[in-house]
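Structure file structure.txt (compact mmCIF, C-alpha atoms) follows.
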```txt
# COMPACT_ATOMS: atom_id res chain seq x y z
CA MET U 1 138.52 125.15 51.71
CA PRO U 2 140.65 123.28 54.29
CA GLY U 3 139.54 120.16 56.10
CA THR U 4 137.35 117.21 55.13
CA ASP U 5 133.98 118.03 56.73
CA ALA U 6 131.45 118.98 54.03
CA ARG U 7 128.84 120.26 56.51
CA GLU U 8 131.33 122.49 58.32
CA ALA U 9 132.58 123.91 55.01
CA ALA U 10 129.03 124.61 53.80
CA LYS U 11 128.17 126.23 57.13
CA THR U 12 131.23 128.49 56.82
CA SER U 13 130.49 129.37 53.20
CA THR U 14 126.87 130.33 53.82
CA GLY U 15 127.56 132.02 57.15
CA ALA U 16 130.56 134.13 56.17
CA LEU U 17 129.30 135.13 52.73
CA GLU U 18 125.60 135.76 53.13
CA GLN U 19 125.28 137.51 49.75
CA LEU U 20 127.50 135.18 47.71
CA PRO U 21 127.72 131.71 49.28
CA PHE U 22 129.63 129.09 47.31
CA LEU U 23 129.84 125.34 46.92
CA PRO U 24 133.03 124.40 48.80
CA GLU U 25 135.72 122.08 47.50
CA LEU U 26 137.74 120.04 50.03
CA PRO U 27 140.87 118.69 48.31
CA ALA U 28 142.30 117.34 51.59
CA ARG U 29 139.99 114.33 51.11
CA GLY U 30 142.27 113.07 48.35
CA PRO U 31 142.09 112.28 44.61
CA GLY U 32 138.67 113.10 43.24
CA ALA U 33 138.23 115.96 45.68
CA ASP U 34 141.19 117.88 44.23
CA MET U 35 140.36 120.56 41.67
CA ILE U 36 141.37 118.48 38.64
CA GLY U 37 139.71 115.27 39.83
CA ARG U 38 136.52 117.05 40.83
CA SER U 39 136.15 118.71 37.44
CA ALA U 40 137.13 115.52 35.62
CA GLY U 41 134.19 113.95 37.45
CA LEU U 42 131.89 116.52 35.83
CA LEU U 43 132.89 115.47 32.31
CA VAL U 44 130.27 113.61 30.26
CA GLU U 45 131.37 110.42 28.47
CA LEU U 46 135.01 111.14 29.33
CA PHE U 47 136.58 109.42 32.31
CA ALA U 48 139.85 109.93 34.16
CA GLU U 49 141.82 107.98 36.72
CA VAL U 50 144.86 108.61 38.89
CA GLN U 51 148.17 107.22 37.67
CA PRO U 52 151.63 107.69 39.26
CA SER U 53 152.16 110.62 36.87
CA GLY U 54 148.82 112.24 37.73
CA TRP U 55 145.38 112.23 36.11
CA ARG U 56 144.95 110.30 32.86
CA PHE U 57 141.96 109.57 30.64
CA ALA U 58 140.57 106.03 30.81
CA ASP U 59 138.17 103.91 28.75
CA ARG U 60 135.54 103.58 31.47
CA PRO U 61 134.63 105.09 34.84
CA GLY U 62 136.59 103.61 37.72
CA ARG U 63 137.08 104.09 41.43
CA ASP U 64 138.40 107.65 41.07
CA THR U 65 135.39 108.78 39.03
CA ARG U 66 132.97 107.18 41.51
CA ARG U 67 134.80 108.87 44.37
CA ALA U 68 134.60 112.28 42.67
CA HIS U 69 130.85 111.84 42.11
CA SER U 70 130.32 110.72 45.71
CA TRP U 71 132.15 113.68 47.22
CA LEU U 72 130.40 116.17 44.95
CA GLY U 73 127.06 114.68 46.02
CA GLU U 74 128.06 114.97 49.67
CA ASP U 75 129.03 118.62 49.18
CA LEU U 76 125.77 119.40 47.38
CA ASP U 77 123.75 117.74 50.15
CA ALA U 78 125.52 119.89 52.74
CA LEU U 79 125.05 123.08 50.71
CA GLU U 80 121.36 122.29 50.22
CA GLU U 81 120.95 121.86 53.97
CA PHE U 82 122.36 125.32 54.72
CA THR U 83 120.61 127.18 51.88
CA GLN U 84 117.00 126.34 52.69
CA GLY U 85 114.92 129.33 51.58
CA TYR U 86 117.95 131.16 50.19
CA GLN U 87 117.43 133.50 47.28
CA GLY U 88 120.28 135.19 45.47
CA ALA U 89 123.63 134.58 43.83
CA LEU U 90 125.32 131.24 44.48
CA LYS U 91 128.84 130.57 43.20
CA LEU U 92 129.89 127.24 41.75
CA GLN U 93 133.35 126.54 40.39
CA ALA U 94 135.04 124.13 38.03
CA VAL U 95 138.39 123.93 36.30
CA GLY U 96 138.26 125.49 32.85
CA PRO U 97 138.93 123.54 29.64
CA TRP U 98 142.48 124.78 29.06
CA THR U 99 143.76 124.00 32.54
CA LEU U 100 142.06 120.58 32.35
CA ALA U 101 143.72 119.89 28.98
CA ALA U 102 147.10 120.92 30.42
CA SER U 103 146.64 118.71 33.50
CA ILE U 104 145.19 115.41 32.24
CA GLU U 105 147.15 112.97 30.09
CA LEU U 106 145.77 111.04 27.15
CA LYS U 107 145.83 107.27 27.33
CA TYR U 108 149.17 107.09 25.50
CA GLY U 109 150.80 109.38 28.06
CA GLU U 110 151.07 112.90 26.60
CA LYS U 111 149.02 115.76 27.95
CA ALA U 112 145.69 116.34 26.23
CA LEU U 113 146.80 119.89 25.44
CA ALA U 114 149.05 118.45 22.71
CA ASP U 115 145.99 117.23 20.77
CA PRO U 116 143.64 119.96 19.42
CA GLY U 117 140.86 117.41 18.92
CA ALA U 118 141.14 116.26 22.52
CA CYS U 119 140.98 119.88 23.68
CA ARG U 120 137.72 120.36 21.78
CA ASP U 121 136.31 117.12 23.21
CA ILE U 122 137.18 118.20 26.76
CA ALA U 123 135.50 121.59 26.29
CA GLY U 124 132.34 120.04 24.85
CA SER U 125 132.17 117.36 27.53
CA LEU U 126 132.75 119.93 30.27
CA ALA U 127 130.03 122.22 28.89
CA GLU U 128 127.48 119.39 29.01
CA GLY U 129 128.59 118.39 32.49
CA LEU U 130 128.29 121.96 33.73
CA ARG U 131 124.78 122.31 32.30
CA ARG U 132 123.74 119.21 34.24
CA HIS U 133 125.51 120.46 37.37
CA LEU U 134 123.77 123.84 37.18
CA ALA U 135 120.39 122.15 36.67
CA ASP U 136 120.98 119.99 39.74
CA VAL U 137 121.89 123.01 41.87
CA ARG U 138 118.82 124.93 40.70
CA LYS U 139 116.66 121.96 41.67
CA ARG U 140 118.25 121.73 45.11
CA VAL U 141 118.25 125.51 45.78
CA PRO U 142 115.27 126.88 43.82
CA GLY U 143 115.98 130.49 44.78
CA ALA U 144 119.60 130.36 43.64
CA GLN U 145 120.96 132.44 40.78
CA PRO U 146 124.09 130.46 39.94
CA VAL U 147 127.34 132.18 39.05
CA LEU U 148 129.91 129.88 37.47
CA GLN U 149 133.61 130.34 38.15
CA LEU U 150 136.03 128.67 35.74
CA ASP U 151 139.44 128.18 37.33
CA GLU U 152 142.12 128.70 34.67
CA PRO U 153 145.44 129.07 36.54
CA THR U 154 147.33 127.47 33.64
CA LEU U 155 145.79 129.59 30.85
CA PRO U 156 148.63 132.16 30.73
CA ALA U 157 151.16 129.31 30.41
CA VAL U 158 149.04 127.62 27.72
CA LEU U 159 149.06 130.81 25.65
CA ALA U 160 152.79 131.41 26.19
CA GLY U 161 153.95 127.86 25.39
CA ARG U 162 155.22 127.26 28.92
CA VAL U 163 153.35 124.01 29.67
CA LYS U 164 155.78 121.11 30.00
CA THR U 165 155.28 117.84 28.18
CA ALA U 166 154.42 114.75 30.22
CA SER U 167 158.12 113.82 30.30
CA GLY U 168 159.00 117.26 31.62
CA PHE U 169 161.92 117.64 29.21
CA GLN U 170 160.20 119.86 26.65
CA ARG U 171 157.39 122.35 26.40
CA LEU U 172 154.20 122.03 24.41
CA ARG U 173 153.56 124.45 21.58
CA SER U 174 151.55 127.52 22.55
CA VAL U 175 147.83 127.46 21.79
CA ASP U 176 146.67 130.05 19.28
CA ARG U 177 144.98 132.86 21.19
CA GLN U 178 142.05 132.97 18.77
CA LEU U 179 141.42 129.25 19.30
CA ALA U 180 141.67 129.62 23.08
CA GLU U 181 139.16 132.47 22.96
CA GLU U 182 136.80 130.58 20.66
CA VAL U 183 136.73 127.48 22.91
CA LEU U 184 135.99 129.60 25.97
CA ARG U 185 133.33 131.57 24.14
CA GLU U 186 131.50 128.44 23.05
CA LEU U 187 131.53 127.07 26.57
CA ILE U 188 130.37 130.35 28.11
CA ARG U 189 127.53 130.66 25.61
CA SER U 190 126.38 127.11 26.30
CA VAL U 191 125.86 127.49 30.06
CA ASP U 192 122.88 129.42 31.35
CA ALA U 193 124.71 131.45 33.99
CA PRO U 194 127.11 134.38 34.27
CA VAL U 195 130.70 133.13 34.03
CA ILE U 196 133.77 134.52 35.74
CA VAL U 197 137.28 133.24 35.11
CA HIS U 198 139.75 132.95 37.97
CA SER U 199 143.50 132.79 37.45
CA CYS U 200 145.99 133.34 40.26
CA ALA U 201 148.92 133.39 37.81
CA PRO U 202 150.64 136.47 36.38
CA GLY U 203 149.66 137.67 32.93
CA VAL U 204 145.92 136.96 33.00
CA PRO U 205 144.68 137.63 29.42
CA ILE U 206 141.90 140.04 30.39
CA PRO U 207 141.07 141.30 26.84
CA LEU U 208 140.81 137.71 25.56
CA LEU U 209 138.49 136.77 28.41
CA ARG U 210 136.32 139.83 27.84
CA ARG U 211 135.94 138.98 24.14
CA ALA U 212 135.01 135.42 25.14
CA GLY U 213 132.08 136.84 27.10
CA VAL U 214 133.02 136.61 30.77
CA ALA U 215 131.03 138.64 33.27
CA GLY U 216 134.03 139.00 35.55
CA VAL U 217 137.74 138.28 35.99
CA SER U 218 139.21 137.04 39.28
CA LEU U 219 142.93 137.57 39.83
CA ASP U 220 145.68 137.95 42.40
CA PHE U 221 145.95 141.72 42.75
CA GLY U 222 149.52 141.45 44.01
CA LEU U 223 150.67 140.11 40.62
CA LEU U 224 149.38 143.07 38.62
CA THR U 225 151.81 145.59 37.15
CA GLU U 226 151.20 149.08 35.80
CA ARG U 227 151.47 147.61 32.29
CA GLU U 228 148.01 146.15 32.90
CA ASP U 229 146.41 149.44 33.96
CA ASP U 230 144.85 150.17 30.60
CA VAL U 231 143.23 146.75 30.10
CA ILE U 232 141.78 146.84 33.61
CA GLY U 233 140.43 150.34 33.07
CA GLU U 234 138.84 149.31 29.77
CA ALA U 235 137.32 146.23 31.39
CA VAL U 236 135.81 148.20 34.25
CA GLU U 237 134.36 150.84 31.96
CA ALA U 238 132.84 148.11 29.78
CA GLY U 239 131.04 146.63 32.79
CA THR U 240 133.32 143.70 33.62
CA VAL U 241 133.43 142.85 37.32
CA ILE U 242 136.90 142.59 38.85
CA LEU U 243 137.30 140.08 41.67
CA ALA U 244 140.36 141.48 43.40
CA GLY U 245 142.40 138.91 45.29
CA VAL U 246 143.89 141.01 48.07
CA VAL U 247 143.39 138.89 51.21
CA PRO U 248 146.24 136.36 51.71
CA SER U 249 145.07 132.78 51.11
CA THR U 250 147.31 131.22 53.76
CA ASP U 251 147.61 132.08 57.43
CA GLU U 252 148.83 135.63 57.90
CA ASP U 253 148.30 138.17 60.64
CA MET U 254 145.76 140.58 59.18
CA SER U 255 143.43 142.71 61.22
CA ASP U 256 142.78 145.76 59.05
CA PRO U 257 140.27 144.96 56.29
CA ALA U 258 140.41 148.54 55.02
CA GLY U 259 144.16 148.23 54.58
CA SER U 260 143.78 145.15 52.39
CA VAL U 261 142.01 147.21 49.71
CA THR U 262 144.40 150.15 49.69
CA GLY U 263 145.95 148.91 46.45
CA VAL U 264 142.52 148.77 44.81
CA ARG U 265 141.84 152.41 45.72
CA THR U 266 145.31 153.39 44.49
CA LEU U 267 144.70 151.72 41.13
CA TRP U 268 141.29 153.42 40.85
CA ARG U 269 142.84 156.85 41.40
CA ARG U 270 145.67 156.11 38.97
CA LEU U 271 143.14 155.16 36.29
CA GLY U 272 140.93 158.16 37.02
CA LEU U 273 137.87 155.94 37.40
CA ASP U 274 134.68 157.10 39.10
CA PRO U 275 135.01 156.19 42.82
CA GLU U 276 131.32 155.30 42.90
CA LEU U 277 132.08 152.40 40.52
CA LEU U 278 134.23 150.70 43.15
CA GLY U 279 131.33 149.20 45.04
CA ARG U 280 129.64 148.03 41.82
CA ARG U 281 132.59 146.72 39.83
CA VAL U 282 134.91 145.22 42.48
CA LEU U 283 134.48 142.18 44.69
CA VAL U 284 137.12 141.48 47.32
CA THR U 285 138.43 137.91 47.56
CA PRO U 286 141.36 135.90 48.89
CA THR U 287 144.29 135.78 46.47
CA CYS U 288 143.63 132.12 45.67
CA GLY U 289 141.97 129.04 47.18
CA LEU U 290 142.04 128.55 50.95
CA ALA U 291 142.84 124.83 51.03
CA GLY U 292 146.31 125.52 52.44
CA ALA U 293 145.02 127.66 55.31
CA SER U 294 143.96 126.60 58.77
CA PRO U 295 140.17 126.33 59.24
CA ALA U 296 140.20 129.32 61.59
CA TYR U 297 142.15 131.46 59.14
CA ALA U 298 139.91 130.41 56.22
CA ARG U 299 136.89 131.73 58.13
CA LYS U 300 138.81 134.91 58.96
CA ALA U 301 139.87 135.42 55.33
CA LEU U 302 136.26 135.25 54.15
CA SER U 303 135.21 137.69 56.86
CA LEU U 304 138.05 140.07 55.94
CA SER U 305 136.97 139.92 52.30
CA VAL U 306 133.44 140.96 53.22
CA ARG U 307 134.66 143.78 55.45
CA GLY U 308 137.16 144.95 52.83
CA ALA U 309 134.41 145.11 50.21
CA GLN U 310 132.20 147.05 52.59
CA SER U 311 134.97 149.56 53.17
CA LEU U 312 135.15 150.18 49.40
CA VAL U 313 131.43 150.93 49.39
CA ASP U 314 131.52 153.12 52.50
CA ASN U 315 134.72 154.97 51.64
CA PRO U 316 135.48 154.65 47.91
CA GLU U 317 138.02 157.48 47.99
```
How does this structure look as structure tokens?
Amino acid sequence: MPGTDAREAAKTSTGALEQLPFLPELPARGPGADMIGRSAGLLVELFAEVQPSGWRFADRPGRDTRRAHSWLGEDLDALEEFTQGYQGALKLQAVGPWTLAASIELKYGEKALADPGACRDIAGSLAEGLRRHLADVRKRVPGAQPVLQLDEPTLPAVLAGRVKTASGFQRLRSVDRQLAEEVLRELIRSVDAPVIVHSCAPGVPIPLLRRAGVAGVSLDFGLLTEREDDVIGEAVEAGTVILAGVVPSTDEDMSDPAGSVTGVRTLWRRLGLDPELLGRRVLVTPTCGLAGASPAYARKALSLSVRGAQSLVDNPE
């Protein structure tokens, strides 16, 4: 979300999305509030700090780790305030293990993705941190049924060998798809909550994610091609929820929520899927995070997502 006011962000989240409020992230506050720093702060017995080149692992927790913990606590306090008596789904999000490994450097300077052992350590540390995070949220909001979103925007590049080395002059070797799936599966099994994976990049590996055990896949609908029709159809028929990013994530003049989901209906007809499944298998979302939007547009985008989803339920055909 845009801005730096945790209470205002929590108020917007719980007010605009009454059936699926979320714990906001406010990266405008600086390092430690950004998506990588925030998730690095969740790691157990692994610590990261900001260097001129970006995030890098360190021997001990420092100012950046303390800042990440402080801001997460502030955000949780605000969410707790606005969810008194709430019962239902509550979305939390963290960066997934592969995007973390592709974004944080080891102490000697190369990205952690280059070291298979480091990748395993990150996944295990993140899993433990997420279990603690979920337990804390359940304590603060007893009626919550947490849904965990893993942000993996870099996963397609990790699998395709497109992640640049720390120097930027070469590319790291692609990660074996079976290994990538196995690491995700272990993490998903270890957390006591449904997991969805979000990636706003082209080429989201939907079959891999399904085999890893995700409950849903969140993607930018505008990046889909007809080549992906079959895998989406198979996912829907198998019960996977599709979070369709159709509402622009930065300021844009949009007033017709029904129009935003036209592409979803078109895909449904092309696949020959039961229209009644639309309201049960598809959630409508912005295309990506709203941190680059104005506060007014961020509120509008969430409202348009709700109205777009309702239009799928009311008029699936």
At what distance in Å, to one decimal, does atom CA of Ser303 of chain U lie from atom CA of Asp136 of chain U?
28.4 Å
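Put simply, atom CA of Arg211 of chain U is 7.9 Å away from atom CA of Arg185 of chain U.
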Using only C-alpha atoms, which of U:Ala94, U:Ala166, U:Met254, U:Leu76 sits nearest Tyr297 of chain U?
U:Met254
Atom CA of Val247 of chain U to atom CA of Leu304 of chain U: how many Å, to one decimal?
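Separation between atom CA of Val247 of chain U and atom CA of Leu304 of chain U: 7.2 Å.
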Near segment 22-38 of chain U, 12 Å: segment 71-119 of chain U residue rows, closest pairs, all atoms listed in the file, as a Markdown table:
```
| residue | atom | partner | partner_atom | distance |
| --- | --- | --- | --- | --- |
| U:Trp71 | CA | U:Ala33 | CA | 6.7 |
| U:Leu72 | CA | U:Arg38 | CA | 7.4 |
| U:Gly73 | CA | U:Arg38 | CA | 11.0 |
| U:Glu74 | CA | U:Glu25 | CA | 10.7 |
| U:Asp75 | CA | U:Pro24 | CA | 7.0 |
| U:Leu76 | CA | U:Leu23 | CA | 7.2 |
| U:Asp77 | CA | U:Leu23 | CA | 10.3 |
| U:Ala78 | CA | U:Leu23 | CA | 9.1 |
| U:Leu79 | CA | U:Leu23 | CA | 6.5 |
| U:Glu80 | CA | U:Leu23 | CA | 9.6 |
| U:Glu81 | CA | U:Leu23 | CA | 11.9 |
| U:Phe82 | CA | U:Leu23 | CA | 10.8 |
| U:Thr83 | CA | U:Phe22 | CA | 10.3 |
| U:Gly88 | CA | U:Phe22 | CA | 11.3 |
| U:Ala89 | CA | U:Phe22 | CA | 8.8 |
| U:Leu90 | CA | U:Phe22 | CA | 5.6 |
| U:Lys91 | CA | U:Phe22 | CA | 4.4 |
| U:Leu92 | CA | U:Leu23 | CA | 5.5 |
| U:Gln93 | CA | U:Leu23 | CA | 7.5 |
| U:Ala94 | CA | U:Met35 | CA | 7.4 |
| U:Val95 | CA | U:Ile36 | CA | 6.6 |
| U:Gly96 | CA | U:Ile36 | CA | 9.6 |
| U:Pro97 | CA | U:Ile36 | CA | 10.6 |
| U:Trp98 | CA | U:Ile36 | CA | 11.5 |
| U:Thr99 | CA | U:Ile36 | CA | 8.6 |
| U:Leu100 | CA | U:Ile36 | CA | 6.7 |
| U:Ala101 | CA | U:Ile36 | CA | 10.0 |
| U:Ala102 | CA | U:Ile36 | CA | 10.3 |
| U:Ser103 | CA | U:Ile36 | CA | 7.4 |
| U:Ile104 | CA | U:Ile36 | CA | 8.1 |
| U:Glu105 | CA | U:Ile36 | CA | 11.7 |
```
Of the residues U:Glu110, U:Glu237, U:Glu128, U:Asp5, which is the one nearest to Val44 of chain U, using all atoms listed in the file?
U:Glu128
Counting all atoms listed in the file, closest pick from U:Glu186, U:Asp121, U:Glu252, U:Glu8 relative to Phe47 of chain U is U:Asp121
Name the closest residue to Arg60 of chain U among the candidates U:Leu46, U:Val204, U:Ile122, U:Ala296; distances are taken between atoms, counting all atoms listed in the file.
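The closest residue to Arg60 of chain U is U:Leu46.
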Please write out, as lines of an AutoDock Vina configuration file, where the centre of an axis-aligned box around all listed atoms of segment 258-275 of chain U lies and how long its edges are, in Å to one decimal, after adding 4 Å on each side.
```
center_x = 140.3
center_y = 151.7
center_z = 45.7
size_x = 19.3
size_y = 21.0
size_z = 26.7
```
Hey, which of U:Pro61, U:Gly245, U:Gly41, U:Pro202 ends up closest to Thr287 of chain U? Count only C-alpha atoms.
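Closest candidate: U:Gly245.
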Go through U:Leu20, U:Ala6, U:Leu184, U:Val50 and flag the residue nearest Pro146 of chain U, using only C-alpha atoms for the distances.
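Closest to Pro146 of chain U, using only C-alpha atoms: U:Leu20.
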Identify the residues around (137.8, 125.0, 23.0) within a radius of 6 Å, measuring from only C-alpha atoms in the coordinates stated by the file, and give them as a CSV table (one decimal) with C-alpha atoms, in the frame of the given file.
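Result file selection.csv:
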```csv
chain,number,residue,atom,x,y,z
U,120,ARG,CA,137.7,120.4,21.8
U,123,ALA,CA,135.5,121.6,26.3
U,183,VAL,CA,136.7,127.5,22.9
U,184,LEU,CA,136.0,129.6,26.0
```
Hey, what's within 10 Å of Asn315 of chain U if we count all atoms listed in the file and toss same-chain stuff fewer than 5 positions away? As a PyMOL selection string, please?
chain U and resi 258+265+275-276+278-279+309-310
Surrounding residues of Thr12 of chain U excluding itself and chain neighbours under 6 positions, 9 Å, only C-alpha atoms, as a list of chain:residue names
U:Pro21, U:Ala298, U:Arg299, U:Leu302
Could you name the residues that touch Ser260 of chain U at 12 Å or less, counting all atoms listed in the file, but leaving out those on the same chain fewer than 6 positions away, as a list of chain:residue names?
U:Phe221, U:Gly222, U:Ala244, U:Gly245, U:Val246, U:Val247, U:Pro248, U:Asp253, U:Met254, U:Thr266, U:Val284, U:Thr285, U:Pro286, U:Thr287, U:Ala301, U:Leu304, U:Ser305, U:Val306, U:Arg307, U:Gly308, U:Ala309, U:Gln310, U:Ser311, U:Leu312
